[in-house]
file my_file.cif (mmCIF, C-alpha atoms (C1' of nucleotides))
data_final
#
loop_
_atom_site.label_atom_id
_atom_site.label_comp_id
_atom_site.auth_asym_id
_atom_site.auth_seq_id
_atom_site.Cartn_x
_atom_site.Cartn_y
_atom_site.Cartn_z
CA MET V 1 -32.39 29.14 -10.09
CA VAL V 2 -30.94 25.95 -11.49
CA MET V 3 -29.04 27.68 -14.25
CA GLU V 4 -25.38 28.57 -14.07
CA LEU V 5 -24.69 25.35 -12.25
CA ARG V 6 -21.48 24.74 -14.11
CA ARG V 7 -20.14 28.23 -13.81
CA PRO V 8 -16.73 28.67 -12.24
CA GLU V 9 -18.15 30.55 -9.30
CA ARG V 10 -20.01 27.49 -8.23
CA THR V 11 -18.86 25.81 -5.06
CA PHE V 12 -19.19 22.32 -3.64
CA THR V 13 -19.51 20.72 -0.28
CA ILE V 14 -17.30 17.88 0.68
CA ARG V 15 -20.11 15.42 0.27
CA GLN V 16 -21.04 16.62 -3.17
CA LEU V 17 -17.57 15.93 -4.42
CA CYS V 18 -17.47 12.63 -2.60
CA THR V 19 -20.63 11.33 -4.18
CA GLU V 20 -19.65 12.68 -7.57
CA PHE V 21 -16.32 10.90 -7.55
CA LYS V 22 -17.07 8.04 -5.21
CA ALA V 23 -14.58 9.18 -2.66
CA THR V 24 -14.96 9.57 1.09
CA PRO V 25 -14.74 12.68 3.22
CA ARG V 26 -11.84 11.08 5.01
CA ALA V 27 -9.95 10.82 1.76
CA LEU V 28 -10.51 14.43 0.76
CA ARG V 29 -9.42 15.63 4.18
CA PHE V 30 -6.45 13.39 3.91
CA TYR V 31 -5.47 14.93 0.59
CA GLU V 32 -5.82 18.32 2.18
CA ASP V 33 -3.63 17.20 5.04
CA LYS V 34 -1.00 16.23 2.54
CA GLY V 35 -1.21 19.53 0.76
CA LEU V 36 -2.98 18.40 -2.39
CA LEU V 37 -6.11 20.39 -1.75
CA THR V 38 -6.68 23.66 0.06
CA PRO V 39 -10.38 24.43 -0.06
CA ALA V 40 -11.72 27.67 1.36
CA ARG V 41 -13.61 27.72 4.62
CA ASP V 42 -16.99 28.97 5.65
CA GLY V 43 -16.46 29.02 9.34
CA MET V 44 -15.27 25.51 9.99
CA ASN V 45 -16.71 23.96 6.87
CA ARG V 46 -14.74 23.31 3.74
CA VAL V 47 -15.88 25.02 0.58
CA TYR V 48 -14.54 23.55 -2.63
CA SER V 49 -14.28 25.74 -5.70
CA TYR V 50 -14.44 24.61 -9.29
CA LYS V 51 -10.69 24.75 -9.32
CA ASP V 52 -10.51 22.47 -6.31
CA ARG V 53 -12.77 20.08 -8.10
CA ALA V 54 -10.48 20.09 -11.12
CA ARG V 55 -7.56 19.34 -8.85
CA LEU V 56 -9.44 16.47 -7.32
CA ILE V 57 -10.03 15.02 -10.75
CA LEU V 58 -6.32 15.12 -11.39
CA ILE V 59 -5.58 13.58 -8.03
CA LEU V 60 -7.88 10.66 -8.66
CA ARG V 61 -6.56 10.03 -12.10
CA GLY V 62 -3.04 10.27 -10.84
CA LYS V 63 -3.86 7.65 -8.29
CA ARG V 64 -5.38 5.38 -10.89
CA VAL V 65 -2.19 5.42 -12.91
CA GLY V 66 -0.16 4.60 -9.85
CA LEU V 67 1.27 7.94 -8.82
CA SER V 68 1.82 8.54 -5.14
CA LEU V 69 0.10 11.45 -3.47
CA GLN V 70 3.51 13.02 -3.11
CA GLU V 71 4.14 12.87 -6.85
CA ILE V 72 0.70 14.19 -7.59
CA ARG V 73 1.32 17.11 -5.30
CA GLU V 74 4.46 18.03 -7.18
CA ILE V 75 2.54 18.10 -10.41
CA LEU V 76 -0.27 20.16 -8.97
CA GLU V 77 2.14 22.65 -7.49
CA LEU V 78 3.27 23.56 -10.97
CA TYR V 79 -0.16 24.90 -11.75
CA ASP V 80 -0.76 27.32 -8.92
CA GLU V 81 2.76 28.62 -8.67
CA GLY V 82 3.52 30.48 -11.85
CA ASP V 83 6.63 31.71 -10.13
CA GLU V 84 10.18 31.00 -9.10
CA ALA V 85 11.71 28.02 -7.30
CA ALA V 86 13.54 27.24 -10.51
CA HIS V 87 15.96 24.99 -8.72
CA GLN V 88 13.31 22.59 -7.53
CA ASN V 89 11.73 22.77 -10.95
CA ALA V 90 14.80 21.45 -12.65
CA HIS V 91 14.47 18.45 -10.43
CA SER V 92 10.78 18.15 -11.19
CA LEU V 93 11.49 18.20 -14.88
CA LYS V 94 13.76 15.24 -14.55
CA LYS V 95 11.31 13.32 -12.42
CA PHE V 96 8.47 14.03 -14.80
CA ARG V 97 10.40 12.72 -17.74
CA GLU V 98 11.22 9.58 -15.86
CA LYS V 99 7.59 9.23 -14.97
CA ILE V 100 6.62 9.52 -18.60
CA VAL V 101 8.94 6.66 -19.40
CA VAL V 102 7.48 4.41 -16.75
CA LEU V 103 3.98 5.31 -17.82
CA GLU V 104 4.74 4.40 -21.39
CA ARG V 105 6.08 1.10 -20.28
CA GLN V 106 3.07 0.67 -18.07
CA ARG V 107 0.85 1.13 -21.07
CA GLU V 108 2.63 -1.69 -22.81
CA ASP V 109 2.21 -3.81 -19.73
CA ILE V 110 -1.47 -3.05 -19.66
CA ASP V 111 -1.90 -4.00 -23.27
CA GLY V 112 -0.17 -7.28 -22.56
CA ALA V 113 -2.22 -7.91 -19.48
CA ILE V 114 -5.43 -7.19 -21.34
CA ALA V 115 -4.44 -9.63 -24.04
CA GLU V 116 -3.72 -12.30 -21.50
CA LEU V 117 -6.91 -11.72 -19.62
CA HIS V 118 -8.78 -12.06 -22.87
CA ALA V 119 -7.02 -15.34 -23.50
CA ALA V 120 -7.79 -16.52 -20.01
CA CYS V 121 -11.43 -15.57 -20.45
CA GLU V 122 -11.64 -17.58 -23.65
CA ARG V 123 -10.11 -20.57 -21.95
CA LEU V 124 -12.60 -20.24 -19.18
CA GLU V 125 -15.51 -19.90 -21.55
CA LYS V 126 -14.53 -22.98 -23.43
CA HIS V 127 -14.03 -24.87 -20.23
CA LEU V 128 -17.36 -23.73 -18.89
CA ALA V 129 -19.17 -24.42 -22.14
CA ASP V 130 -17.89 -27.94 -21.76
CA LYS V 131 -18.55 -28.57 -18.12
CA ARG V 132 -21.13 -26.14 -16.91
CA PRO V 133 -23.00 -24.46 -19.76
CA ASP V 134 -25.52 -23.28 -17.19
CA LEU V 135 -23.16 -20.72 -15.70
CA LEU V 136 -22.50 -18.95 -18.96
CA PRO V 137 -24.98 -16.16 -19.67
CA LYS V 138 -22.97 -13.86 -17.45
CA ALA V 139 -21.70 -12.39 -20.69
CA ALA V 140 -24.68 -10.06 -20.56
CA ASP V 141 -23.30 -8.50 -17.40
CA TYR V 142 -20.24 -7.55 -19.33
CA ASP V 143 -22.20 -5.27 -21.63
CA GLN V 144 -23.81 -3.78 -18.56
CA VAL V 145 -20.45 -2.90 -17.18
CA MET V 146 -19.38 -1.46 -20.49
CA ARG V 147 -22.38 0.78 -20.68
CA ALA V 148 -21.88 1.92 -17.13
CA ARG V 149 -18.57 3.46 -18.08
CA ILE V 150 -17.79 6.59 -16.29
CA ASP V 151 -17.52 9.51 -18.64
CA GLY V 152 -15.09 11.49 -16.50
CA HIS V 153 -14.20 14.38 -18.75
CA ALA V 154 -11.14 15.54 -16.90
CA GLU V 155 -9.95 17.89 -19.60
CA MET V 156 -8.27 20.16 -17.13
CA ALA V 157 -10.24 23.33 -16.60
CA MET V 158 -8.00 25.00 -14.07
CA GLY V 159 -7.39 28.55 -15.19
CA LYS V 160 -4.32 30.16 -13.73
CA MET A 1 29.05 -26.68 -21.14
CA VAL A 2 27.62 -23.20 -21.51
CA MET A 3 25.20 -24.25 -24.24
CA GLU A 4 21.58 -25.09 -23.61
CA LEU A 5 21.35 -22.23 -21.16
CA ARG A 6 17.86 -21.31 -22.26
CA ARG A 7 16.50 -24.81 -22.33
CA PRO A 8 13.46 -25.55 -20.25
CA GLU A 9 15.38 -27.92 -18.03
CA ARG A 10 17.49 -25.08 -16.79
CA THR A 11 17.01 -23.98 -13.20
CA PHE A 12 17.70 -20.82 -11.28
CA THR A 13 18.70 -19.85 -7.80
CA ILE A 14 16.77 -17.24 -5.94
CA ARG A 15 19.52 -14.72 -6.46
CA GLN A 16 19.71 -15.26 -10.16
CA LEU A 17 16.07 -14.42 -10.54
CA CYS A 18 16.41 -11.50 -8.17
CA THR A 19 19.22 -9.90 -10.08
CA GLU A 20 17.60 -10.61 -13.41
CA PHE A 21 14.36 -8.92 -12.41
CA LYS A 22 15.62 -6.52 -9.79
CA ALA A 23 13.65 -8.13 -7.04
CA THR A 24 14.75 -9.20 -3.58
CA PRO A 25 14.87 -12.66 -2.05
CA ARG A 26 12.44 -11.44 0.53
CA ALA A 27 9.95 -10.60 -2.19
CA LEU A 28 10.21 -13.99 -3.89
CA ARG A 29 9.77 -15.80 -0.60
CA PHE A 30 6.85 -13.56 0.12
CA TYR A 31 5.22 -14.48 -3.17
CA GLU A 32 5.78 -18.09 -2.31
CA ASP A 33 4.22 -17.55 1.07
CA LYS A 34 1.17 -16.16 -0.67
CA GLY A 35 0.98 -19.10 -3.01
CA LEU A 36 2.12 -17.38 -6.20
CA LEU A 37 5.26 -19.43 -6.55
CA THR A 38 6.10 -22.98 -5.51
CA PRO A 39 9.70 -23.66 -6.48
CA ALA A 40 11.22 -27.08 -5.96
CA ARG A 41 13.70 -27.72 -3.22
CA ASP A 42 17.21 -29.05 -3.13
CA GLY A 43 17.47 -29.79 0.54
CA MET A 44 16.56 -26.45 2.04
CA ASN A 45 17.31 -24.35 -0.99
CA ARG A 46 14.76 -23.19 -3.48
CA VAL A 47 15.21 -24.28 -7.06
CA TYR A 48 13.29 -22.27 -9.62
CA SER A 49 12.37 -23.85 -12.91
CA TYR A 50 11.87 -22.10 -16.20
CA LYS A 51 8.19 -22.27 -15.54
CA ASP A 52 8.65 -20.60 -12.18
CA ARG A 53 10.56 -17.89 -13.92
CA ALA A 54 7.72 -17.37 -16.38
CA ARG A 55 5.32 -17.10 -13.49
CA LEU A 56 7.53 -14.53 -11.85
CA ILE A 57 7.47 -12.46 -15.02
CA LEU A 58 3.71 -12.49 -14.94
CA ILE A 59 3.69 -11.60 -11.27
CA LEU A 60 5.88 -8.59 -11.80
CA ARG A 61 3.94 -7.36 -14.75
CA GLY A 62 0.72 -7.87 -12.88
CA LYS A 63 2.09 -5.73 -10.13
CA ARG A 64 3.10 -3.02 -12.55
CA VAL A 65 -0.41 -2.74 -13.87
CA GLY A 66 -1.77 -2.50 -10.37
CA LEU A 67 -3.07 -5.98 -9.68
CA SER A 68 -2.91 -7.24 -6.13
CA LEU A 69 -0.98 -10.37 -5.36
CA GLN A 70 -4.28 -12.02 -4.63
CA GLU A 71 -5.61 -11.22 -8.09
CA ILE A 72 -2.42 -12.33 -9.71
CA ARG A 73 -2.63 -15.63 -7.90
CA GLU A 74 -6.10 -16.25 -9.27
CA ILE A 75 -4.85 -15.70 -12.78
CA LEU A 76 -1.86 -17.95 -12.30
CA GLU A 77 -3.99 -20.70 -10.87
CA LEU A 78 -5.79 -20.97 -14.17
CA TYR A 79 -2.61 -22.08 -15.84
CA ASP A 80 -1.53 -24.96 -13.69
CA GLU A 81 -4.96 -26.35 -13.01
CA GLY A 82 -6.39 -27.59 -16.25
CA ASP A 83 -9.07 -29.23 -14.20
CA GLU A 84 -12.32 -28.82 -12.39
CA ALA A 85 -13.42 -26.25 -9.83
CA ALA A 86 -15.75 -24.95 -12.47
CA HIS A 87 -17.76 -23.10 -9.89
CA GLN A 88 -14.90 -20.92 -8.79
CA ASN A 89 -14.00 -20.42 -12.42
CA ALA A 90 -17.34 -18.91 -13.24
CA HIS A 91 -16.55 -16.35 -10.63
CA SER A 92 -13.08 -15.84 -12.02
CA LEU A 93 -14.48 -15.24 -15.46
CA LYS A 94 -16.60 -12.43 -14.15
CA LYS A 95 -13.76 -10.90 -12.23
CA PHE A 96 -11.44 -11.08 -15.22
CA ARG A 97 -13.90 -9.31 -17.43
CA GLU A 98 -14.28 -6.59 -14.87
CA LYS A 99 -10.53 -6.35 -14.65
CA ILE A 100 -10.30 -5.94 -18.38
CA VAL A 101 -12.66 -3.02 -18.17
CA VAL A 102 -10.68 -1.27 -15.49
CA LEU A 103 -7.46 -1.90 -17.36
CA GLU A 104 -8.89 -0.35 -20.49
CA ARG A 105 -9.92 2.66 -18.55
CA GLN A 106 -6.55 2.72 -16.93
CA ARG A 107 -4.94 2.88 -20.32
CA GLU A 108 -6.99 5.95 -21.13
CA ASP A 109 -5.93 7.44 -17.84
CA ILE A 110 -2.33 6.77 -18.65
CA ASP A 111 -2.60 8.41 -22.03
CA GLY A 112 -4.10 11.43 -20.37
CA ALA A 113 -1.47 11.51 -17.68
CA ILE A 114 1.30 11.23 -20.23
CA ALA A 115 -0.16 14.11 -22.20
CA GLU A 116 -0.31 16.24 -19.10
CA LEU A 117 3.18 15.38 -18.03
CA HIS A 118 4.38 16.36 -21.47
CA ALA A 119 2.60 19.66 -21.13
CA ALA A 120 4.06 20.18 -17.70
CA CYS A 121 7.51 19.40 -19.02
CA GLU A 122 7.17 21.94 -21.77
CA ARG A 123 6.05 24.56 -19.32
CA LEU A 124 9.04 23.77 -17.17
CA GLU A 125 11.41 23.89 -20.09
CA LYS A 126 10.14 27.26 -21.18
CA HIS A 127 10.35 28.54 -17.67
CA LEU A 128 13.85 27.23 -17.21
CA ALA A 129 15.00 28.49 -20.58
CA ASP A 130 13.90 31.88 -19.35
CA LYS A 131 15.28 31.87 -15.88
CA ARG A 132 18.03 29.26 -15.65
CA PRO A 133 19.22 28.16 -19.08
CA ASP A 134 22.18 26.57 -17.32
CA LEU A 135 20.11 23.75 -15.88
CA LEU A 136 18.75 22.62 -19.21
CA PRO A 137 21.01 20.04 -20.91
CA LYS A 138 19.43 17.35 -18.82
CA ALA A 139 17.49 16.46 -21.92
CA ALA A 140 20.40 14.23 -22.89
CA ASP A 141 19.70 12.07 -19.86
CA TYR A 142 16.29 11.43 -21.25
CA ASP A 143 17.69 9.67 -24.27
CA GLN A 144 19.88 7.67 -21.95
CA VAL A 145 16.85 6.49 -20.08
CA MET A 146 15.10 5.63 -23.30
CA ARG A 147 17.97 3.51 -24.48
CA ALA A 148 18.20 1.78 -21.14
CA ARG A 149 14.72 0.41 -21.64
CA ILE A 150 14.23 -3.02 -20.30
CA ASP A 151 13.46 -5.47 -23.03
CA GLY A 152 11.52 -7.86 -20.84
CA HIS A 153 10.00 -10.17 -23.41
CA ALA A 154 7.37 -11.74 -21.21
CA GLU A 155 5.63 -13.51 -24.03
CA MET A 156 4.42 -16.27 -21.77
CA ALA A 157 6.41 -19.44 -22.23
CA MET A 158 4.64 -21.60 -19.70
CA GLY A 159 3.63 -24.83 -21.36
CA LYS A 160 1.00 -26.78 -19.54
"C1'" DT I 1 39.97 -24.41 10.94
"C1'" DT I 2 38.28 -20.07 10.07
"C1'" DC I 3 36.01 -16.96 7.19
"C1'" DC I 4 32.76 -15.64 3.98
"C1'" DC I 5 28.98 -16.07 0.94
"C1'" DT I 6 24.62 -17.61 -0.03
"C1'" DG I 7 20.85 -19.60 1.58
"C1'" DT I 8 17.05 -20.66 5.22
"C1'" DT I 9 13.13 -19.57 8.76
"C1'" DG I 10 10.72 -16.72 11.99
"C1'" DA I 11 9.41 -12.35 13.98
"C1'" DC I 12 8.90 -7.64 14.11
"C1'" DG I 13 9.05 -2.91 11.79
"C1'" DT I 14 7.62 0.29 8.11
"C1'" DT I 15 5.19 2.98 4.63
"C1'" DG I 16 1.21 4.73 2.14
"C1'" DA I 17 -3.46 5.57 2.04
"C1'" DC I 18 -6.79 5.68 4.10
"C1'" DG I 19 -10.86 3.47 7.80
"C1'" DT I 20 -12.97 3.84 12.16
"C1'" DA I 21 -14.34 5.48 16.43
"C1'" DA I 22 -14.92 9.22 19.87
"C1'" DG I 23 -16.54 13.58 20.93
"C1'" DC I 24 -18.27 18.08 19.77
"C1'" DG I 25 -21.06 21.93 17.22
"C1'" DG I 26 -24.67 23.66 14.22
"C1'" DG I 27 -28.91 23.53 11.32
"C1'" DA I 28 -33.29 21.43 10.16
"C1'" DC I 29 -37.24 18.77 10.85
"C1'" DT I 30 -40.92 17.02 13.96
"C1'" DA M 1 -37.06 19.94 23.20
"C1'" DG M 2 -35.40 16.09 21.02
"C1'" DT M 3 -33.16 13.93 17.43
"C1'" DC M 4 -31.13 13.40 12.96
"C1'" DC M 5 -27.67 14.52 9.83
"C1'" DC M 6 -23.66 16.79 8.29
"C1'" DG M 7 -19.40 18.49 9.35
"C1'" DC M 8 -15.10 19.21 12.16
"C1'" DT M 9 -10.84 17.42 14.73
"C1'" DT M 10 -7.89 14.10 17.04
"C1'" DA M 11 -6.25 9.77 17.52
"C1'" DC M 12 -5.69 5.12 16.90
"C1'" DG M 13 -6.37 0.88 13.73
"C1'" DT M 14 -5.67 -1.60 9.37
"C1'" DC M 15 -4.01 -3.77 5.19
"C1'" DA M 16 -0.77 -4.89 1.59
"C1'" DA M 17 3.78 -5.58 0.40
"C1'" DC M 18 7.48 -5.99 1.60
"C1'" DG M 19 12.18 -4.40 4.64
"C1'" DT M 20 15.03 -5.48 8.44
"C1'" DC M 21 17.11 -8.18 11.82
"C1'" DA M 22 18.40 -12.27 14.33
"C1'" DA M 23 20.01 -16.77 14.36
"C1'" DC M 24 21.38 -20.66 11.95
"C1'" DA M 25 23.15 -24.14 8.09
"C1'" DG M 26 26.13 -25.69 4.23
"C1'" DG M 27 29.88 -25.18 1.03
"C1'" DG M 28 34.25 -23.27 -0.93
"C1'" DA M 29 38.62 -20.86 -0.49
"C1'" DA M 30 42.71 -19.49 2.14
#
call {"tool": "encode", "arguments": {"input": "my_file.cif", "output": "structure tokens"}}
result
Amino acid sequence: MVMELRRPERTFTIRQLCTEFKATPRALRFYEDKGLLTPARDGMNRVYSYKDRARLILILRGKRVGLSLQEIREILELYDEGDEAAHQNAHSLKKFREKIVVLERQREDIDGAIAELHAACERLEKHLADKRPDLLPKAADYDQVMRARIDGHAEMAMGK
Amino acid sequence: MVMELRRPERTFTIRQLCTEFKATPRALRFYEDKGLLTPARDGMNRVYSYKDRARLILILRGKRVGLSLQEIREILELYDEGDEAAHQNAHSLKKFREKIVVLERQREDIDGAIAELHAACERLEKHLADKRPDLLPKAADYDQVMRARIDGHAEMAMGK
DNA sequence: TTCCCTGTTGACGTTGACGTAAGCGGGACT
DNA sequence: AGTCCCGCTTACGTCAACGTCAACAGGGAA
């Protein structure tokens, strides 16, 4: 009865997805409103398929890297339309390449920012070690955070 | 008369910085309003120092990696206050470490997103090569974009 | 002087991505 | 029967990060 939980035919309620990905129902409905998700319905209620869930994963990651919902939609549309509209696609191709460029630059920025934050942290630690050694042991929390890493395997499981 | 242009004693007008970094006067004044910049004044007019310029570079990069102006301000404040407020700083330390974690995750996200965009581009290219080979040569533009890369060396030149 | 350009300070408008509240329906306990 | 709880829709509110617009000042050039 508990087997086959990860099979493609499995479906999800809105709340299941929300708790899994720390989103809100409002957000998922909003994405639907904007055409990024189109879950099935059981009467009034939304029924999310495994494919919908995969799309949601892409949406959230897209957001994290700074894509707008609009841009994310364009990307998603490439996956469920294995068809024509070649004119629009030429435009998409260009936009995607530009996006790759900005993402690559963004990665450099992030590396730089990480380096600077590390430097700032060291400054702070030194300063604190000097002035207020009592406030230090927070370093333990850091490991906590590290271990609490989300393992979001978003390897894209959306079959055509 | 044109020498010494890069010396620390050099100053900038708002428009010079705007054109250099493709910002708008409104944005710089906004940052000032929020306490991220505090240029000197010549009468009414703002006079940006080399240090202000360095701060602006950090602001813009912070924005590109998704930091809020508020967060950026906290970081900047560490650099011009080599002083007390150790209590607040303990809090900052924690926040910075958390930020490092999210940035590291964000870098993973970006790598993933880049990979997927590459895949999408290949799909599009194949599709276009099939249906509309006439729309292809846009690939040349890509190189153009690559060469037009901004060389923003933001290596942090803000001496205390 | 007149014009134009760059600069200034408010004050209000806008956009994206939701949050929040109101009001309703349907199951599931109790 | 009552009362949660989940879900739905519709509509308005919010917040950040500016954009836009008005009205004004100072300084050069024609």
call {"tool": "closest_residue", "arguments": {"input": "my_file.cif", "among": "M:DT14, M:DT3, M:DT9, M:DT20", "to": "chain A", "atoms": "all atoms listed in the file"}}
result
M:DT20
call {"tool": "resolve_selection", "arguments": {"input": "my_file.cif", "expression": "the PyMOL selection byres ((chain I) within 12 of (chain A))", "output": "short mmCIF file (atom, residue, chain, number, x, y, z; two decimals) with C-alpha atoms (C1' of nucleotides), in the frame of the given file"}}
result
data_model
loop_
_atom_site.label_atom_id
_atom_site.label_comp_id
_atom_site.auth_asym_id
_atom_site.auth_seq_id
_atom_site.Cartn_x
_atom_site.Cartn_y
_atom_site.Cartn_z
"C1'" DT I 6 24.62 -17.61 -0.03
"C1'" DG I 7 20.85 -19.60 1.58
"C1'" DT I 8 17.05 -20.66 5.22
"C1'" DT I 9 13.13 -19.57 8.76
#
call {"tool": "interface_residues", "arguments": {"input": "my_file.cif", "of": "chain V", "to": "chain A", "cutoff": "6 Å", "atoms": "all atoms listed in the file", "output": "list in words"}}
result
Val65, Leu93, Ile100, Ile110, Ile114 and Cys121 of chain V
call {"tool": "resolve_selection", "arguments": {"input": "my_file.cif", "expression": "the PyMOL selection byres ((chain M) within 12 of (chain A))", "output": "list of chain:residue names"}}
result
M:DC15, M:DA16, M:DA17, M:DC18, M:DG19, M:DT20, M:DA25, M:DG26
call {"tool": "residues_near_point", "arguments": {"input": "my_file.cif", "point": "(31.4, -18.2, 7.4)", "cutoff": "12 Å", "atoms": "all atoms listed in the file", "output": "PDB file with C-alpha atoms (C1' of nucleotides), in the coordinates of the input"}}
result
ATOM      1  C1'  DT I   1      39.970 -24.410  10.940  1.00  0.00           C
ATOM      2  C1'  DT I   2      38.280 -20.070  10.070  1.00  0.00           C
ATOM      3  C1'  DC I   3      36.010 -16.960   7.190  1.00  0.00           C
ATOM      4  C1'  DC I   4      32.760 -15.640   3.980  1.00  0.00           C
ATOM      5  C1'  DC I   5      28.980 -16.070   0.940  1.00  0.00           C
ATOM      6  C1'  DT I   6      24.620 -17.610  -0.030  1.00  0.00           C
TER       7       DT I   6
ATOM      8  C1'  DC M  24      21.380 -20.660  11.950  1.00  0.00           C
ATOM      9  C1'  DA M  25      23.150 -24.140   8.090  1.00  0.00           C
ATOM     10  C1'  DG M  26      26.130 -25.690   4.230  1.00  0.00           C
ATOM     11  C1'  DG M  27      29.880 -25.180   1.030  1.00  0.00           C
ATOM     12  C1'  DG M  28      34.250 -23.270  -0.930  1.00  0.00           C
ATOM     13  C1'  DA M  29      38.620 -20.860  -0.490  1.00  0.00           C
TER      14       DA M  29
END
call {"tool": "resolve_selection", "arguments": {"input": "my_file.cif", "expression": "the PyMOL selection byres ((chain M and resi 4) around 9)", "output": "PyMOL selection string"}}
result
(chain I and resi 28-29) or (chain M and resi 3+5)
call {"tool": "atom_distance", "arguments": {"input": "my_file.cif", "atom1": "CA of Glu71 in chain V", "atom2": "CA of Glu32 in chain V"}}
result
14.5 Å
call {"tool": "atom_distance", "arguments": {"input": "my_file.cif", "atom1": "CA of Ala40 in chain A", "atom2": "C1' of DA11 in chain I"}}
result
24.9 Å
call {"tool": "atom_distance", "arguments": {"input": "my_file.cif", "atom1": "C1' of DC24 in chain I", "atom2": "CA of Arg29 in chain V"}}
result
18.1 Å
call {"tool": "closest_residue", "arguments": {"input": "my_file.cif", "among": "V:Arg73, V:Asp80, V:Asp42, V:Ile59", "to": "DG7 in chain M", "atoms": "all atoms listed in the file"}}
result
V:Asp42
